[in-house]
Amino acid sequence: MNLADLLLMMVILALAWQFWRVRAMSEKAYGYLQDYCNKQGLQLISLSRRKTRIRPFHGKLDWYCEFDFEFSGNGEDAYQGSLIMRGMQVTDTQLPPYRV
């Protein structure tokens, strides 16, 4: 194996690791929202990632993800909220006024 092959292998492994890191963030966001909605008496309908960027957080580069989610307070209406994660940490959750 020459140096170019080794370098290519390292790049592929780094990309795969980053893919799994962002995937883990999505799973953590879903689990967080399930718990949040259960505690608030809401029904979580869907979750989608809107934006993914690399940004500094606590002095190091980490992933910054914005998520949109739909929820219902009465089972009939649907509302859209947002969630922000920096690394594996939820930093903001916003919900509009909703009908119970």
# chains A, B, ... in the order shown; residues from 1 in each chain; ligands from 1

$ residues_around --residues "Ser72 of chain A" --least-positions-apart "4" --cutoff "7 Å" --atoms "only C-alpha atoms" --output "PDB file with all heavy atoms, in the first residue's frame"
ATOM      1  N   LEU A  42     -47.596  16.490  24.626  1.00  0.00           N
ATOM      2  CA  LEU A  42     -47.694  16.734  23.186  1.00  0.00           C
ATOM      3  C   LEU A  42     -47.403  15.451  22.420  1.00  0.00           C
ATOM      4  O   LEU A  42     -46.825  14.519  22.948  1.00  0.00           O
ATOM      5  CB  LEU A  42     -46.687  17.809  22.759  1.00  0.00           C
ATOM      6  CG  LEU A  42     -46.786  19.161  23.463  1.00  0.00           C
ATOM      7  CD1 LEU A  42     -45.615  20.043  23.072  1.00  0.00           C
ATOM      8  CD2 LEU A  42     -48.106  19.814  23.123  1.00  0.00           C
ATOM      9  N   GLN A  43     -47.799  15.451  21.159  1.00  0.00           N
ATOM     10  CA  GLN A  43     -47.513  14.325  20.279  1.00  0.00           C
ATOM     11  C   GLN A  43     -46.490  14.765  19.246  1.00  0.00           C
ATOM     12  O   GLN A  43     -46.723  15.714  18.501  1.00  0.00           O
ATOM     13  CB  GLN A  43     -48.795  13.876  19.587  1.00  0.00           C
ATOM     14  CG  GLN A  43     -48.591  12.765  18.589  1.00  0.00           C
ATOM     15  CD  GLN A  43     -49.857  12.458  17.814  1.00  0.00           C
ATOM     16  OE1 GLN A  43     -50.870  13.133  17.941  1.00  0.00           O
ATOM     17  NE2 GLN A  43     -49.785  11.431  16.996  1.00  0.00           N
ATOM     18  N   LEU A  44     -45.351  14.098  19.189  1.00  0.00           N
ATOM     19  CA  LEU A  44     -44.329  14.381  18.178  1.00  0.00           C
ATOM     20  C   LEU A  44     -44.747  13.708  16.881  1.00  0.00           C
ATOM     21  O   LEU A  44     -45.014  12.507  16.847  1.00  0.00           O
ATOM     22  CB  LEU A  44     -42.960  13.867  18.633  1.00  0.00           C
ATOM     23  CG  LEU A  44     -41.801  14.080  17.669  1.00  0.00           C
ATOM     24  CD1 LEU A  44     -41.562  15.568  17.409  1.00  0.00           C
ATOM     25  CD2 LEU A  44     -40.535  13.434  18.211  1.00  0.00           C
ATOM     26  N   GLU A  76     -55.260  17.015  16.577  1.00  0.00           N
ATOM     27  CA  GLU A  76     -55.893  17.429  15.318  1.00  0.00           C
ATOM     28  C   GLU A  76     -55.060  18.455  14.567  1.00  0.00           C
ATOM     29  O   GLU A  76     -54.954  18.393  13.354  1.00  0.00           O
ATOM     30  CB  GLU A  76     -57.283  17.989  15.589  1.00  0.00           C
ATOM     31  CG  GLU A  76     -58.249  16.964  16.130  1.00  0.00           C
ATOM     32  CD  GLU A  76     -59.609  17.565  16.426  1.00  0.00           C
ATOM     33  OE1 GLU A  76     -59.880  18.707  16.001  1.00  0.00           O
ATOM     34  OE2 GLU A  76     -60.393  16.884  17.088  1.00  0.00           O
ATOM     35  N   ASP A  77     -54.502  19.412  15.278  1.00  0.00           N
ATOM     36  CA  ASP A  77     -53.709  20.471  14.655  1.00  0.00           C
ATOM     37  C   ASP A  77     -52.233  20.096  14.675  1.00  0.00           C
ATOM     38  O   ASP A  77     -51.778  19.357  15.538  1.00  0.00           O
ATOM     39  CB  ASP A  77     -53.883  21.798  15.415  1.00  0.00           C
ATOM     40  CG  ASP A  77     -55.336  22.256  15.433  1.00  0.00           C
ATOM     41  OD1 ASP A  77     -56.037  22.016  14.437  1.00  0.00           O
ATOM     42  OD2 ASP A  77     -55.751  22.846  16.444  1.00  0.00           O
ATOM     43  N   ALA A  78     -51.479  20.634  13.713  1.00  0.00           N
ATOM     44  CA  ALA A  78     -50.035  20.410  13.676  1.00  0.00           C
ATOM     45  C   ALA A  78     -49.316  21.752  13.718  1.00  0.00           C
ATOM     46  O   ALA A  78     -49.733  22.710  13.064  1.00  0.00           O
ATOM     47  CB  ALA A  78     -49.638  19.644  12.417  1.00  0.00           C
ATOM     48  N   TYR A  79     -48.258  21.822  14.492  1.00  0.00           N
ATOM     49  CA  TYR A  79     -47.452  23.035  14.637  1.00  0.00           C
ATOM     50  C   TYR A  79     -46.000  22.685  14.373  1.00  0.00           C
ATOM     51  O   TYR A  79     -45.586  21.542  14.536  1.00  0.00           O
ATOM     52  CB  TYR A  79     -47.600  23.606  16.047  1.00  0.00           C
ATOM     53  CG  TYR A  79     -49.022  23.959  16.392  1.00  0.00           C
ATOM     54  CD1 TYR A  79     -49.842  23.043  17.035  1.00  0.00           C
ATOM     55  CD2 TYR A  79     -49.540  25.201  16.063  1.00  0.00           C
ATOM     56  CE1 TYR A  79     -51.151  23.356  17.354  1.00  0.00           C
ATOM     57  CE2 TYR A  79     -50.847  25.530  16.380  1.00  0.00           C
ATOM     58  CZ  TYR A  79     -51.654  24.601  17.020  1.00  0.00           C
ATOM     59  OH  TYR A  79     -52.944  24.923  17.319  1.00  0.00           O
TER      60      TYR A  79
END

$ select_by_dssp --residues "chain A" --states "helix (DSSP H, G or I)" --output "VMD selection string"
chain A and resid 3 to 40

$ residues_around --residues "Gly41 of chain A" --least-positions-apart "3" --cutoff "8 Å" --atoms "only C-alpha atoms" --output "PyMOL selection string"
chain A and resi 37-38+73

$ residues_around --residues "Phe57 of chain A" --least-positions-apart "3" --cutoff "8 Å" --atoms "only C-alpha atoms" --output "PyMOL selection string"
chain A and resi 60-62+86-87

$ write_last_selection --atoms "N, CA and C atoms" --output "PDB file, in the first residue's frame"
ATOM      1  N   LYS A  60     -13.603  24.343  20.247  1.00  0.00           N
ATOM      2  CA  LYS A  60     -13.212  23.361  19.235  1.00  0.00           C
ATOM      3  C   LYS A  60     -14.267  23.318  18.145  1.00  0.00           C
ATOM      4  N   LEU A  61     -13.887  22.809  16.992  1.00  0.00           N
ATOM      5  CA  LEU A  61     -14.845  22.683  15.905  1.00  0.00           C
ATOM      6  C   LEU A  61     -15.752  21.490  16.164  1.00  0.00           C
ATOM      7  N   ASP A  62     -17.034  21.700  15.970  1.00  0.00           N
ATOM      8  CA  ASP A  62     -18.000  20.621  16.127  1.00  0.00           C
ATOM      9  C   ASP A  62     -19.183  20.902  15.219  1.00  0.00           C
ATOM     10  N   ARG A  86     -25.542  21.705  19.207  1.00  0.00           N
ATOM     11  CA  ARG A  86     -24.119  21.969  18.975  1.00  0.00           C
ATOM     12  C   ARG A  86     -23.382  20.782  19.549  1.00  0.00           C
ATOM     13  N   GLY A  87     -22.767  20.019  18.670  1.00  0.00           N
ATOM     14  CA  GLY A  87     -22.210  18.750  19.109  1.00  0.00           C
ATOM     15  C   GLY A  87     -23.363  17.856  19.524  1.00  0.00           C
TER      16      GLY A  87
END

$ closest_residue --among "A:Leu95, A:Cys65, A:Leu13, A:Val100" --to "Thr52 of chain A" --atoms "only C-alpha atoms"
A:Cys65

$ residues_around --residues "Ser82 of chain A" --least-positions-apart "6" --cutoff "12 Å" --atoms "only C-alpha atoms" --output "NGL selection string"
:A and (29-30 or 33 or 46-51 or 65-71 or 90-96)

$ decode --residues "chain A" --atoms "C-alpha atoms" --output "JSON list (two decimals), in the first residue's frame"
[["chain", "number", "residue", "atom", "x", "y", "z"],
["A", 1, "MET", "CA", 0.00, 0.00, 0.00],
["A", 2, "ASN", "CA", 1.54, 3.31, -1.02],
["A", 3, "LEU", "CA", 1.15, 6.72, 0.62],
["A", 4, "ALA", "CA", -1.65, 7.86, -1.72],
["A", 5, "ASP", "CA", -3.74, 4.78, -0.92],
["A", 6, "LEU", "CA", -3.18, 5.26, 2.79],
["A", 7, "LEU", "CA", -4.18, 8.91, 2.57],
["A", 8, "LEU", "CA", -7.32, 8.02, 0.60],
["A", 9, "MET", "CA", -8.25, 5.41, 3.20],
["A", 10, "MET", "CA", -7.82, 7.94, 6.02],
["A", 11, "VAL", "CA", -10.04, 10.48, 4.22],
["A", 12, "ILE", "CA", -12.75, 7.86, 3.66],
["A", 13, "LEU", "CA", -12.63, 6.82, 7.33],
["A", 14, "ALA", "CA", -12.82, 10.45, 8.47],
["A", 15, "LEU", "CA", -15.86, 11.08, 6.26],
["A", 16, "ALA", "CA", -17.56, 7.92, 7.50],
["A", 17, "TRP", "CA", -16.90, 8.91, 11.12],
["A", 18, "GLN", "CA", -18.41, 12.37, 10.52],
["A", 19, "PHE", "CA", -21.47, 10.83, 8.84],
["A", 20, "TRP", "CA", -22.08, 8.62, 11.89],
["A", 21, "ARG", "CA", -21.55, 11.60, 14.23],
["A", 22, "VAL", "CA", -24.24, 13.64, 12.45],
["A", 23, "ARG", "CA", -26.51, 10.56, 12.41],
["A", 24, "ALA", "CA", -26.02, 10.14, 16.18],
["A", 25, "MET", "CA", -26.95, 13.81, 16.65],
["A", 26, "SER", "CA", -30.20, 13.23, 14.73],
["A", 27, "GLU", "CA", -31.03, 10.23, 16.89],
["A", 28, "LYS", "CA", -30.29, 12.19, 20.06],
["A", 29, "ALA", "CA", -32.51, 15.06, 18.84],
["A", 30, "TYR", "CA", -35.35, 12.60, 18.21],
["A", 31, "GLY", "CA", -35.00, 11.03, 21.66],
["A", 32, "TYR", "CA", -34.83, 14.46, 23.31],
["A", 33, "LEU", "CA", -37.99, 15.61, 21.50],
["A", 34, "GLN", "CA", -39.85, 12.39, 22.37],
["A", 35, "ASP", "CA", -39.10, 12.98, 26.07],
["A", 36, "TYR", "CA", -39.86, 16.72, 25.81],
["A", 37, "CYS", "CA", -43.21, 16.12, 24.09],
["A", 38, "ASN", "CA", -44.20, 13.37, 26.54],
["A", 39, "LYS", "CA", -43.49, 15.67, 29.51],
["A", 40, "GLN", "CA", -45.50, 18.50, 27.93],
["A", 41, "GLY", "CA", -48.42, 16.26, 26.90],
["A", 42, "LEU", "CA", -47.69, 16.73, 23.19],
["A", 43, "GLN", "CA", -47.51, 14.32, 20.28],
["A", 44, "LEU", "CA", -44.33, 14.38, 18.18],
["A", 45, "ILE", "CA", -45.25, 13.96, 14.51],
["A", 46, "SER", "CA", -42.01, 14.34, 12.56],
["A", 47, "LEU", "CA", -38.41, 15.56, 12.70],
["A", 48, "SER", "CA", -36.17, 16.81, 9.88],
["A", 49, "ARG", "CA", -32.69, 18.30, 9.82],
["A", 50, "ARG", "CA", -32.72, 21.74, 8.16],
["A", 51, "LYS", "CA", -29.08, 22.82, 8.40],
["A", 52, "THR", "CA", -25.76, 21.14, 9.20],
["A", 53, "ARG", "CA", -22.52, 23.10, 9.50],
["A", 54, "ILE", "CA", -19.17, 22.84, 11.26],
["A", 55, "ARG", "CA", -18.76, 25.70, 13.76],
["A", 56, "PRO", "CA", -16.65, 26.44, 16.83],
["A", 57, "PHE", "CA", -18.23, 25.35, 20.13],
["A", 58, "HIS", "CA", -16.46, 25.43, 23.50],
["A", 59, "GLY", "CA", -13.14, 26.16, 21.82],
["A", 60, "LYS", "CA", -13.21, 23.36, 19.23],
["A", 61, "LEU", "CA", -14.85, 22.68, 15.90],
["A", 62, "ASP", "CA", -18.00, 20.62, 16.13],
["A", 63, "TRP", "CA", -21.21, 20.08, 14.22],
["A", 64, "TYR", "CA", -24.02, 22.63, 14.42],
["A", 65, "CYS", "CA", -27.43, 21.26, 13.40],
["A", 66, "GLU", "CA", -30.82, 22.93, 13.13],
["A", 67, "PHE", "CA", -33.90, 20.71, 13.15],
["A", 68, "ASP", "CA", -37.55, 21.38, 12.36],
["A", 69, "PHE", "CA", -40.19, 19.23, 13.99],
["A", 70, "GLU", "CA", -43.97, 18.97, 13.88],
["A", 71, "PHE", "CA", -46.05, 18.34, 16.95],
["A", 72, "SER", "CA", -49.67, 18.41, 18.03],
["A", 73, "GLY", "CA", -51.21, 19.55, 21.27],
["A", 74, "ASN", "CA", -54.70, 18.16, 20.68],
["A", 75, "GLY", "CA", -54.18, 15.43, 18.08],
["A", 76, "GLU", "CA", -55.89, 17.43, 15.32],
["A", 77, "ASP", "CA", -53.71, 20.47, 14.65],
["A", 78, "ALA", "CA", -50.04, 20.41, 13.68],
["A", 79, "TYR", "CA", -47.45, 23.04, 14.64],
["A", 80, "GLN", "CA", -43.82, 23.46, 13.71],
["A", 81, "GLY", "CA", -41.05, 23.97, 16.26],
["A", 82, "SER", "CA", -37.27, 24.16, 15.99],
["A", 83, "LEU", "CA", -34.36, 22.62, 17.85],
["A", 84, "ILE", "CA", -30.66, 23.53, 17.73],
["A", 85, "MET", "CA", -27.81, 21.20, 18.64],
["A", 86, "ARG", "CA", -24.12, 21.97, 18.98],
["A", 87, "GLY", "CA", -22.21, 18.75, 19.11],
["A", 88, "MET", "CA", -24.27, 16.27, 21.10],
["A", 89, "GLN", "CA", -25.81, 19.02, 23.24],
["A", 90, "VAL", "CA", -29.27, 20.53, 22.71],
["A", 91, "THR", "CA", -28.84, 24.29, 23.06],
["A", 92, "ASP", "CA", -32.27, 25.64, 22.08],
["A", 93, "THR", "CA", -35.84, 24.41, 21.63],
["A", 94, "GLN", "CA", -38.56, 26.74, 20.36],
["A", 95, "LEU", "CA", -42.27, 26.05, 20.08],
["A", 96, "PRO", "CA", -44.95, 28.45, 18.82],
["A", 97, "PRO", "CA", -48.15, 28.97, 20.81],
["A", 98, "TYR", "CA", -50.34, 25.90, 20.30],
["A", 99, "ARG", "CA", -53.87, 24.76, 21.07],
["A", 100, "VAL", "CA", -54.30, 22.10, 23.74]]
